[in-house]
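Participant: Here it is, the structure in full.
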Amino acid sequence: MVYSLQADFSKSDQIPGGSALLCASVNERRAQFGESGRFSCQQDGEEASPRAADGNKDGVTRVAEEFYHLSVLEDEVLQLMAVTEGEVVFDGTLGGGGHSERLLAAGARVIACDRDPAALAFACERLAAYGDQFKAYHGNYDQMDQLLAGAGEEAGVDGILLDLGISSKHVDDAERGFSFAKDGPLDMRMDSTADLTAEILVNEGGEDELRRILWDFGEERSARAVVRAMVAARELGRIETTGQLAALVESVIPRRGKRHPATKVFQALRMAVNDELGHLQKALEKSVNCLKPGGRLAIISFHSLEDRIVKRFLRQHSMAMLDRPEWPEPKPNPECYFSLPVRKPYAPGASELENNPRARSAKLRIAIRLESDGGDLEKRNKNRYAK
Ligand SMILES: C[S@@+](CC[C@H](N)C(=O)[O-])C[C@H]1O[C@@H](n2cnc3c(N)ncnc32)[C@H](O)[C@@H]1O
């Protein structure tokens with residue numbers, strides 16, 4: 001397996017294959033860190049904690065006993081991506097490596113990335129048994145073209161998977177600062193090497209900017225009152241912890257029902273800190289040139305803002321003809337790049353939800369890259385994906 005750590009291209013002009021790309025096989029790393037099997041993922045001197053990996057090709061892996069993340073809609077992803085032996089898939093959201101592992105077990109080669117170095121380290125160790133079938137990079141999925149070029153796959157891939165948002169590990173680890181239910185530093189960065197934290201945003205953000213964030217990304221009706229309270233509080237001292245922020249929001253929005261009143265505020269800040277919608281839009285656009293004809297694009301979203309972006313993009317680029325009242329007749333859409341085997345998104349079934357309530361808002365959309373001329377792939381794929 002190539003165990004790679006790559007600088008975030010968004011923060012530099014470095015190109016794949018350049019000096020920022022550190023590649024070493026697991027064995028080289030083992031040699032570097034001793035026979036204890038201790039190897040690490042390093043960037044800026046940070047070291048991910050070592051874990052024992054015991055993977056096998058039957059899709060069952062034992063990586064430490066630690067719970068990381070339960071992959072959502074795994075069977076559906078596998079069925080819809082329909083990979084065959086030797087096909088190449090880009091997993092832009094490696095996370096705990098669950099989806100990647102299923103794709104690898106089905107015979108695909110996987111090029112993966114995650115912007116979180118800790119997720120990358122975990123998944124690399126989990127998937128070590130797959131050797132050269134698996135390559136992973138530290139990076140943002142919206143740089144998939146550069147990452148794929150760095151992996152020697154500039155000709156395009158047969159599948160792209162994006163399982164959006166954060167992992168269970170992010171929520172469960174108080175130190176990452178994503179959870180209003182657990183006190184920790186107000187951080188919320190997926191990429192722990194990035195500069196902007198929620199603490200900076202909350203304490204230094206302009207009032208207009210904060211109101212816009214809470215409204216645009218959280219649809220928080222009490223945005224104005226919450227921001228007013230934030231500004232009053234920060235005049236007395238910085239708001240530094242998730243507990244402080246959750247209590248502050250609760251002082252403005254009283255508890256009603258099961259949902260914590262800070263849910264939307266936390267979601268909005270997280271999306272702003274990580275520019276989640278910006279990266280998604282960019283990645284969708286890049287996917288057009290990174291997929292081979294017949295390649296499958298699978299995207300799992302967890303809230304309506306993400307799903308709306310995916311749905312609009314796919315609709316816009318799957319219409320064979322465009323029409324406007326002022327035109328004498330419909331015209332072919334020059335940007336018709338995908339066929340949609342099903343229009344409605346897939347959602348988890350009852351048994352998955354019973355096992356994993358966090359999957360409740362997941363929606364999976366699938367699209368197939370057309371031949372450049374729009375081709376007859378559409379017809380061919382229709383039956384394969386009938387619900
Ligand atoms: C829902 S988890 C993915 C879980 C994974 N599919 C699995 O089976 O374990 C999402 C992961 O994507 C990563 N991520 C989110 N946005 C990203 C981006 N723009 N670029 C790269 N990774 C991203 C997060 O750090 C997180 O580890």
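Residue numbering restarts at 1 for every chain of the structure tokens, chains are lettered A, B, ... in their displayed order, and ligands are numbered from 1 as they appear.
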Which residues are close to Glu204 of chain A, i.e. within 12 Å by only C-alpha atoms, leaving aside same-chain residues fewer than 3 positions away? Reply as a PyMOL selection string.

Facilitator: chain A and resi 196-201+207-210+227+230-231+234-235+237-240

Participant: Residues as selected, N, CA and C atoms, written as a tab-separated table (two decimals), in the first residue's frame, can you do that?

Facilitator:
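The new file out14.tsv reads:
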```tsv
chain	number	residue	atom	x	y	z
A	196	LEU	N	-8.50	28.48	10.26
A	196	LEU	CA	-9.74	29.02	10.84
A	196	LEU	C	-10.43	28.02	11.77
A	197	THR	N	-10.68	28.46	13.00
A	197	THR	CA	-11.45	27.62	13.95
A	197	THR	C	-12.78	28.32	14.25
A	198	ALA	N	-13.69	27.59	14.87
A	198	ALA	CA	-14.97	28.20	15.28
A	198	ALA	C	-14.72	29.26	16.34
A	199	GLU	N	-13.69	29.06	17.15
A	199	GLU	CA	-13.37	30.03	18.20
A	199	GLU	C	-13.03	31.39	17.58
A	200	ILE	N	-12.26	31.35	16.49
A	200	ILE	CA	-11.89	32.61	15.83
A	200	ILE	C	-13.13	33.26	15.21
A	201	LEU	N	-13.93	32.42	14.56
A	201	LEU	CA	-15.13	32.94	13.90
A	201	LEU	C	-16.09	33.59	14.92
A	207	GLU	N	-20.59	41.07	12.98
A	207	GLU	CA	-21.98	40.71	13.32
A	207	GLU	C	-22.78	40.31	12.09
A	208	ASP	N	-22.61	41.05	11.00
A	208	ASP	CA	-23.36	40.73	9.77
A	208	ASP	C	-22.96	39.35	9.27
A	209	GLU	N	-21.66	39.11	9.31
A	209	GLU	CA	-21.15	37.82	8.81
A	209	GLU	C	-21.71	36.67	9.64
A	210	LEU	N	-21.71	36.84	10.97
A	210	LEU	CA	-22.20	35.76	11.83
A	210	LEU	C	-23.70	35.53	11.63
A	227	VAL	N	-26.66	36.15	17.75
A	227	VAL	CA	-25.44	36.92	17.46
A	227	VAL	C	-25.32	38.09	18.44
A	230	MET	N	-23.90	36.67	21.47
A	230	MET	CA	-22.47	36.34	21.28
A	230	MET	C	-21.62	37.58	21.44
A	231	VAL	N	-22.06	38.65	20.80
A	231	VAL	CA	-21.26	39.88	20.80
A	231	VAL	C	-21.19	40.46	22.21
A	234	ARG	N	-18.78	38.18	24.25
A	234	ARG	CA	-17.35	38.24	23.92
A	234	ARG	C	-16.71	39.55	24.36
A	235	GLU	N	-17.56	40.55	24.64
A	235	GLU	CA	-16.99	41.79	25.19
A	235	GLU	C	-16.47	41.57	26.61
A	237	GLY	N	-15.16	38.58	27.57
A	237	GLY	CA	-14.06	37.60	27.49
A	237	GLY	C	-14.35	36.63	26.36
A	238	ARG	N	-13.32	35.99	25.83
A	238	ARG	CA	-13.52	35.13	24.65
A	238	ARG	C	-14.41	33.94	24.98
A	239	ILE	N	-15.20	33.53	24.01
A	239	ILE	CA	-16.01	32.30	24.14
A	239	ILE	C	-15.11	31.19	23.62
A	240	GLU	N	-14.67	30.34	24.50
A	240	GLU	CA	-13.60	29.41	24.11
A	240	GLU	C	-14.01	27.95	24.00
```

Participant: Got a sec to check which residues lie within 7 Å of ligand 1, using only C-alpha atoms and all ligand atoms, and send them as a VMD selection string?

Facilitator: chain A and resid 69 to 72 92 to 100 113 to 116 119 139 to 142 163 to 167 190 to 191 276 279 to 280

Participant: Output N, CA and C atoms of each residue in that selection to a file, as an mmCIF file, in the first residue's frame.

Facilitator:
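The result, written out as part_6.cif:
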```cif
data_model
loop_
_atom_site.group_PDB
_atom_site.id
_atom_site.type_symbol
_atom_site.label_atom_id
_atom_site.label_comp_id
_atom_site.auth_asym_id
_atom_site.auth_seq_id
_atom_site.Cartn_x
_atom_site.Cartn_y
_atom_site.Cartn_z
ATOM 1 N N HIS A 69 -16.557 5.020 12.913
ATOM 2 C CA HIS A 69 -17.688 5.539 12.140
ATOM 3 C C HIS A 69 -18.429 4.360 11.531
ATOM 4 N N LEU A 70 -19.733 4.418 11.547
ATOM 5 C CA LEU A 70 -20.509 3.374 10.859
ATOM 6 C C LEU A 70 -20.863 3.911 9.483
ATOM 7 N N SER A 71 -20.384 3.271 8.456
ATOM 8 C CA SER A 71 -20.652 3.778 7.106
ATOM 9 C C SER A 71 -22.149 3.679 6.804
ATOM 10 N N VAL A 72 -22.611 4.689 6.093
ATOM 11 C CA VAL A 72 -24.036 4.801 5.797
ATOM 12 C C VAL A 72 -24.320 4.240 4.399
ATOM 13 N N GLY A 92 -13.502 10.400 -2.007
ATOM 14 C CA GLY A 92 -13.063 11.733 -1.570
ATOM 15 C C GLY A 92 -13.274 11.985 -0.097
ATOM 16 N N THR A 93 -13.950 11.062 0.575
ATOM 17 C CA THR A 93 -14.248 11.234 2.000
ATOM 18 C C THR A 93 -13.942 9.919 2.706
ATOM 19 N N LEU A 94 -12.685 9.628 2.785
ATOM 20 C CA LEU A 94 -12.238 8.323 3.288
ATOM 21 C C LEU A 94 -12.756 8.015 4.686
ATOM 22 N N GLY A 95 -12.718 8.988 5.599
ATOM 23 C CA GLY A 95 -13.223 8.807 6.965
ATOM 24 C C GLY A 95 -12.595 7.593 7.624
ATOM 25 N N GLY A 96 -13.436 6.723 8.184
ATOM 26 C CA GLY A 96 -12.936 5.507 8.835
ATOM 27 C C GLY A 96 -12.602 4.409 7.840
ATOM 28 N N GLY A 97 -12.855 4.648 6.551
ATOM 29 C CA GLY A 97 -12.466 3.701 5.505
ATOM 30 C C GLY A 97 -13.482 2.604 5.222
ATOM 31 N N GLY A 98 -14.683 2.724 5.793
ATOM 32 C CA GLY A 98 -15.687 1.664 5.623
ATOM 33 C C GLY A 98 -16.132 1.475 4.174
ATOM 34 N N HIS A 99 -16.480 2.588 3.515
ATOM 35 C CA HIS A 99 -16.902 2.465 2.116
ATOM 36 C C HIS A 99 -15.745 1.976 1.243
ATOM 37 N N SER A 100 -14.582 2.558 1.481
ATOM 38 C CA SER A 100 -13.408 2.151 0.695
ATOM 39 C C SER A 100 -13.172 0.663 0.847
ATOM 40 N N CYS A 113 -8.974 10.276 -0.374
ATOM 41 C CA CYS A 113 -8.399 11.397 0.370
ATOM 42 C C CYS A 113 -9.304 11.737 1.528
ATOM 43 N N ASP A 114 -8.744 12.402 2.490
ATOM 44 C CA ASP A 114 -9.523 13.005 3.568
ATOM 45 C C ASP A 114 -8.765 14.247 3.994
ATOM 46 N N ARG A 115 -9.521 15.270 4.361
ATOM 47 C CA ARG A 115 -8.829 16.488 4.794
ATOM 48 C C ARG A 115 -8.406 16.393 6.256
ATOM 49 N N ASP A 116 -8.881 15.342 6.934
ATOM 50 C CA ASP A 116 -8.532 15.158 8.338
ATOM 51 C C ASP A 116 -7.371 14.170 8.447
ATOM 52 N N ALA A 119 -8.163 10.955 10.400
ATOM 53 C CA ALA A 119 -8.991 9.967 9.681
ATOM 54 C C ALA A 119 -8.110 9.204 8.691
ATOM 55 N N GLY A 139 -5.850 15.608 1.699
ATOM 56 C CA GLY A 139 -6.226 16.656 0.770
ATOM 57 C C GLY A 139 -7.730 16.828 0.736
ATOM 58 N N ASN A 140 -8.122 17.808 -0.042
ATOM 59 C CA ASN A 140 -9.533 18.159 -0.143
ATOM 60 C C ASN A 140 -10.114 17.525 -1.407
ATOM 61 N N TYR A 141 -11.326 17.003 -1.305
ATOM 62 C CA TYR A 141 -11.876 16.335 -2.491
ATOM 63 C C TYR A 141 -12.099 17.288 -3.652
ATOM 64 N N ASP A 142 -12.134 18.585 -3.376
ATOM 65 C CA ASP A 142 -12.318 19.486 -4.521
ATOM 66 C C ASP A 142 -11.019 19.653 -5.318
ATOM 67 N N ASP A 163 -19.082 11.050 0.581
ATOM 68 C CA ASP A 163 -19.987 10.802 1.714
ATOM 69 C C ASP A 163 -19.799 12.019 2.617
ATOM 70 N N LEU A 164 -20.681 13.006 2.427
ATOM 71 C CA LEU A 164 -20.384 14.360 2.916
ATOM 72 C C LEU A 164 -20.437 14.505 4.433
ATOM 73 N N GLY A 165 -19.840 15.590 4.890
ATOM 74 C CA GLY A 165 -19.966 15.975 6.301
ATOM 75 C C GLY A 165 -18.887 15.391 7.190
ATOM 76 N N ILE A 166 -19.257 15.250 8.462
ATOM 77 C CA ILE A 166 -18.273 14.794 9.440
ATOM 78 C C ILE A 166 -18.544 13.345 9.803
ATOM 79 N N SER A 167 -17.551 12.728 10.460
ATOM 80 C CA SER A 167 -17.713 11.331 10.868
ATOM 81 C C SER A 167 -18.190 11.283 12.319
ATOM 82 N N MET A 190 -12.333 20.214 10.367
ATOM 83 C CA MET A 190 -12.111 18.842 9.912
ATOM 84 C C MET A 190 -10.616 18.643 9.707
ATOM 85 N N ASP A 191 -9.988 19.649 9.129
ATOM 86 C CA ASP A 191 -8.548 19.586 8.880
ATOM 87 C C ASP A 191 -7.843 20.319 10.010
ATOM 88 N N GLU A 276 -17.996 24.009 3.680
ATOM 89 C CA GLU A 276 -18.446 22.724 3.145
ATOM 90 C C GLU A 276 -19.182 22.850 1.812
ATOM 91 N N HIS A 279 -16.759 23.747 -1.160
ATOM 92 C CA HIS A 279 -15.969 22.610 -1.644
ATOM 93 C C HIS A 279 -16.849 21.632 -2.432
ATOM 94 N N LEU A 280 -18.080 21.469 -1.971
ATOM 95 C CA LEU A 280 -18.983 20.530 -2.660
ATOM 96 C C LEU A 280 -19.247 20.999 -4.091
#
```

Participant: Using the chain letters and numbers from this document, which residues of segment 35-219 of chain A does DSSP assign to alpha helix (DSSP H), as a VMD selection string?

Facilitator: chain A and resid 74 to 81 98 to 105 117 to 126 144 to 150 168 to 172 198 to 204 207 to 218

Participant: Convert the current residue selection to file output with C-alpha atoms, as an mmCIF file, in the first residue's frame.

Facilitator:
```
data_model
loop_
_atom_site.group_PDB
_atom_site.id
_atom_site.type_symbol
_atom_site.label_atom_id
_atom_site.label_comp_id
_atom_site.auth_asym_id
_atom_site.auth_seq_id
_atom_site.Cartn_x
_atom_site.Cartn_y
_atom_site.Cartn_z
ATOM 1 C CA GLU A 74 -22.976 0.763 2.385
ATOM 2 C CA ASP A 75 -24.884 -1.918 0.480
ATOM 3 C CA GLU A 76 -26.571 0.638 -1.736
ATOM 4 C CA VAL A 77 -23.254 2.350 -2.514
ATOM 5 C CA LEU A 78 -21.713 -0.955 -3.444
ATOM 6 C CA GLN A 79 -24.627 -2.000 -5.604
ATOM 7 C CA LEU A 80 -24.938 1.335 -7.397
ATOM 8 C CA MET A 81 -21.241 1.873 -7.938
ATOM 9 C CA GLY A 98 -15.687 1.664 5.623
ATOM 10 C CA HIS A 99 -16.902 2.465 2.116
ATOM 11 C CA SER A 100 -13.408 2.151 0.695
ATOM 12 C CA GLU A 101 -13.045 -1.237 2.280
ATOM 13 C CA ARG A 102 -16.194 -2.548 0.629
ATOM 14 C CA LEU A 103 -15.022 -1.224 -2.749
ATOM 15 C CA LEU A 104 -11.592 -2.775 -2.279
ATOM 16 C CA ALA A 105 -13.124 -6.085 -1.259
ATOM 17 C CA PRO A 117 -5.042 13.727 8.931
ATOM 18 C CA ALA A 118 -6.335 11.646 11.859
ATOM 19 C CA ALA A 119 -8.991 9.967 9.681
ATOM 20 C CA LEU A 120 -6.385 9.348 7.024
ATOM 21 C CA ALA A 121 -4.038 7.662 9.486
ATOM 22 C CA PHE A 122 -6.801 5.487 10.904
ATOM 23 C CA ALA A 123 -8.084 4.359 7.518
ATOM 24 C CA CYS A 124 -4.602 3.733 6.117
ATOM 25 C CA GLU A 125 -3.869 1.349 8.922
ATOM 26 C CA ARG A 126 -7.250 -0.303 8.611
ATOM 27 C CA MET A 144 -9.578 15.505 -7.032
ATOM 28 C CA ASP A 145 -8.081 16.302 -10.431
ATOM 29 C CA GLN A 146 -4.688 17.069 -8.892
ATOM 30 C CA LEU A 147 -4.860 14.158 -6.471
ATOM 31 C CA LEU A 148 -5.745 11.749 -9.266
ATOM 32 C CA ALA A 149 -2.980 13.129 -11.471
ATOM 33 C CA GLY A 150 -0.563 12.609 -8.577
ATOM 34 C CA SER A 168 -18.989 9.926 14.140
ATOM 35 C CA LYS A 169 -15.460 10.220 15.451
ATOM 36 C CA HIS A 170 -15.609 13.971 14.939
ATOM 37 C CA VAL A 171 -18.827 14.218 16.929
ATOM 38 C CA ASP A 172 -17.769 11.814 19.661
ATOM 39 C CA ALA A 198 -14.966 28.198 15.276
ATOM 40 C CA GLU A 199 -13.371 30.029 18.201
ATOM 41 C CA ILE A 200 -11.892 32.610 15.826
ATOM 42 C CA LEU A 201 -15.131 32.942 13.895
ATOM 43 C CA VAL A 202 -17.289 33.380 17.007
ATOM 44 C CA ASN A 203 -14.952 35.836 18.718
ATOM 45 C CA GLU A 204 -13.689 37.810 15.759
ATOM 46 C CA GLU A 207 -21.979 40.714 13.323
ATOM 47 C CA ASP A 208 -23.357 40.727 9.775
ATOM 48 C CA GLU A 209 -21.146 37.825 8.811
ATOM 49 C CA LEU A 210 -22.197 35.759 11.834
ATOM 50 C CA ARG A 211 -25.899 36.468 11.254
ATOM 51 C CA ARG A 212 -25.516 35.448 7.619
ATOM 52 C CA ILE A 213 -23.740 32.230 8.584
ATOM 53 C CA LEU A 214 -26.400 31.245 11.116
ATOM 54 C CA TRP A 215 -29.163 31.981 8.667
ATOM 55 C CA ASP A 216 -27.607 30.656 5.444
ATOM 56 C CA PHE A 217 -26.092 27.476 6.858
ATOM 57 C CA GLY A 218 -28.345 26.786 9.858
#
```

Participant: Quick check for you: according to DSSP on this backbone, which residues of segment 105-150 of chain A are classed as strand (DSSP E or B)? Reply as a ChimeraX atom specification.

Facilitator: /A:109-114,134-138

Participant: Only N, CA and C atoms, please: the residues just picked out, written as a PDB file, in the first residue's frame.

Facilitator:
```
ATOM      1  N   ARG A 109      -9.647  -0.736  -7.395  1.00  0.00           N
ATOM      2  CA  ARG A 109      -8.518  -0.001  -6.831  1.00  0.00           C
ATOM      3  C   ARG A 109      -9.094   1.308  -6.309  1.00  0.00           C
ATOM      4  N   VAL A 110      -8.648   1.734  -5.139  1.00  0.00           N
ATOM      5  CA  VAL A 110      -9.220   2.942  -4.547  1.00  0.00           C
ATOM      6  C   VAL A 110      -8.130   3.990  -4.349  1.00  0.00           C
ATOM      7  N   ILE A 111      -8.419   5.198  -4.872  1.00  0.00           N
ATOM      8  CA  ILE A 111      -7.585   6.370  -4.582  1.00  0.00           C
ATOM      9  C   ILE A 111      -8.458   7.204  -3.648  1.00  0.00           C
ATOM     10  N   ALA A 112      -7.953   7.491  -2.472  1.00  0.00           N
ATOM     11  CA  ALA A 112      -8.810   8.155  -1.488  1.00  0.00           C
ATOM     12  C   ALA A 112      -8.147   9.401  -0.944  1.00  0.00           C
ATOM     13  N   CYS A 113      -8.974  10.276  -0.374  1.00  0.00           N
ATOM     14  CA  CYS A 113      -8.399  11.397   0.370  1.00  0.00           C
ATOM     15  C   CYS A 113      -9.304  11.737   1.528  1.00  0.00           C
ATOM     16  N   ASP A 114      -8.744  12.402   2.490  1.00  0.00           N
ATOM     17  CA  ASP A 114      -9.523  13.005   3.568  1.00  0.00           C
ATOM     18  C   ASP A 114      -8.765  14.247   3.994  1.00  0.00           C
ATOM     19  N   PHE A 134      -4.658   0.258  -2.844  1.00  0.00           N
ATOM     20  CA  PHE A 134      -5.202   1.416  -2.118  1.00  0.00           C
ATOM     21  C   PHE A 134      -4.143   2.504  -1.977  1.00  0.00           C
ATOM     22  N   LYS A 135      -4.520   3.735  -2.378  1.00  0.00           N
ATOM     23  CA  LYS A 135      -3.625   4.875  -2.152  1.00  0.00           C
ATOM     24  C   LYS A 135      -4.442   5.959  -1.469  1.00  0.00           C
ATOM     25  N   ALA A 136      -3.835   6.643  -0.523  1.00  0.00           N
ATOM     26  CA  ALA A 136      -4.603   7.688   0.163  1.00  0.00           C
ATOM     27  C   ALA A 136      -3.767   8.939   0.341  1.00  0.00           C
ATOM     28  N   TYR A 137      -4.437  10.058   0.299  1.00  0.00           N
ATOM     29  CA  TYR A 137      -3.761  11.353   0.375  1.00  0.00           C
ATOM     30  C   TYR A 137      -4.442  12.250   1.388  1.00  0.00           C
ATOM     31  N   HIS A 138      -3.649  13.108   1.972  1.00  0.00           N
ATOM     32  CA  HIS A 138      -4.244  14.180   2.756  1.00  0.00           C
ATOM     33  C   HIS A 138      -4.594  15.295   1.792  1.00  0.00           C
TER      34      HIS A 138
END
```

Participant: Give me, please, the distance in Å between atom CA of Asp173 of chain A and atom CA of Ile309 of chain A, quoted to one decimal.

Facilitator: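 Separation between atom CA of Asp173 of chain A and atom CA of Ile309 of chain A: 28.9 Å.
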
Participant: Please report as CSV every residue of segment 290-376 of chain A lying within 12 Å of segment 259-275 of chain A, along with the nearest atom pair and their distance in Å (one decimal), using only C-alpha atoms.

Facilitator:
```
residue,atom,partner,partner_atom,distance
A:Phe302,CA,A:Gln267,CA,11.2
A:His303,CA,A:Gln267,CA,10.1
A:Leu305,CA,A:Met271,CA,10.4
A:Glu306,CA,A:Met271,CA,10.3
```

Participant: For those residues, write C-alpha atoms to a file as a short mmCIF file (atom, residue, chain, number, x, y, z; two decimals), in the first residue's frame.

Facilitator:
```cif
data_model
loop_
_atom_site.label_atom_id
_atom_site.label_comp_id
_atom_site.auth_asym_id
_atom_site.auth_seq_id
_atom_site.Cartn_x
_atom_site.Cartn_y
_atom_site.Cartn_z
CA PHE A 302 -27.02 14.71 5.25
CA HIS A 303 -28.99 17.90 5.05
CA LEU A 305 -28.54 22.49 1.81
CA GLU A 306 -26.08 19.90 0.55
#
```

Participant: Env of Val157 of chain A: 9 Å cut, atoms = only C-alpha atoms, seq-sep filter 3 positions within chain, self excluded. Answer as a CSV table (one decimal) with C-alpha atoms, in the first residue's frame.

Facilitator:
```csv
chain,number,residue,atom,x,y,z
A,87,GLU,CA,-11.8,-0.5,-11.9
A,88,VAL,CA,-10.6,2.6,-10.1
A,89,VAL,CA,-12.7,4.6,-7.6
A,90,PHE,CA,-11.9,7.9,-6.0
A,148,LEU,CA,-5.7,11.7,-9.3
A,153,GLU,CA,-4.9,8.4,-12.9
A,154,GLU,CA,-5.2,11.6,-15.0
A,160,ILE,CA,-16.3,8.9,-7.5
A,290,CYS,CA,-12.5,13.2,-13.6
A,291,LEU,CA,-15.0,10.5,-14.5
A,292,LYS,CA,-14.6,8.3,-17.6
A,295,GLY,CA,-18.2,6.3,-14.6
A,296,ARG,CA,-20.5,6.5,-11.6
```

Participant: So how many Å separate atom CA of Pro341 of chain A and atom CA of Gly278 of chain A, to one decimal?

Facilitator: 26.3 Å

Participant: What does the structure give for the distance between atom CA of Gly294 of chain A and atom CA of Phe338 of chain A, in Å to one decimal?

Facilitator: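 One can read the atom CA of Gly294 of chain A to atom CA of Phe338 of chain A distance as 9.1 Å.
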
Participant: Contacts of Arg369 of chain A at 10 Å or less, counting only C-alpha atoms, minus same-chain residues fewer than 5 places along, as a PyMOL selection string?

Facilitator: chain A and resi 158-159+287-297+317-318+336-340+374-375+377-378

Participant: Residues of segment 209-317 of chain A that approach segment 349-364 of chain A to 6 Å or less, counting only C-alpha atoms: could you list each one with the shortest pair of atoms and its distance in Å to one decimal, rows by chain and increasing residue number, as a Markdown table?

Facilitator:
```
| residue | atom | partner | partner_atom | distance |
| --- | --- | --- | --- | --- |
| A:Ile299 | CA | A:Leu364 | CA | 5.5 |
| A:Ile300 | CA | A:Leu364 | CA | 4.3 |
| A:Ser301 | CA | A:Lys363 | CA | 5.4 |
| A:Phe302 | CA | A:Ala362 | CA | 4.7 |
```

Participant: For the residues in that selection, give me C-alpha atoms as a CSV table (one decimal), in the first residue's frame.

Facilitator:
```
chain,number,residue,atom,x,y,z
A,299,ILE,CA,-23.0,11.4,-3.3
A,300,ILE,CA,-24.4,10.9,0.2
A,301,SER,CA,-25.7,14.1,1.8
A,302,PHE,CA,-27.0,14.7,5.3
```

Participant: Pick the closest to Arg308 of chain A from A:Ser179, A:Ala233, A:Val226, A:Arg365: which is it, counting only C-alpha atoms?

Facilitator: A:Arg365

Participant: I need the residue nearest Gln133 of chain A from this list: A:Gly205, A:Pro185, A:Pro325, A:Gly86. Use only C-alpha atoms for the distance.

Facilitator: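 Comparing A:Gly205, A:Pro185, A:Pro325, A:Gly86 against Gln133 of chain A, the winner is A:Gly86.
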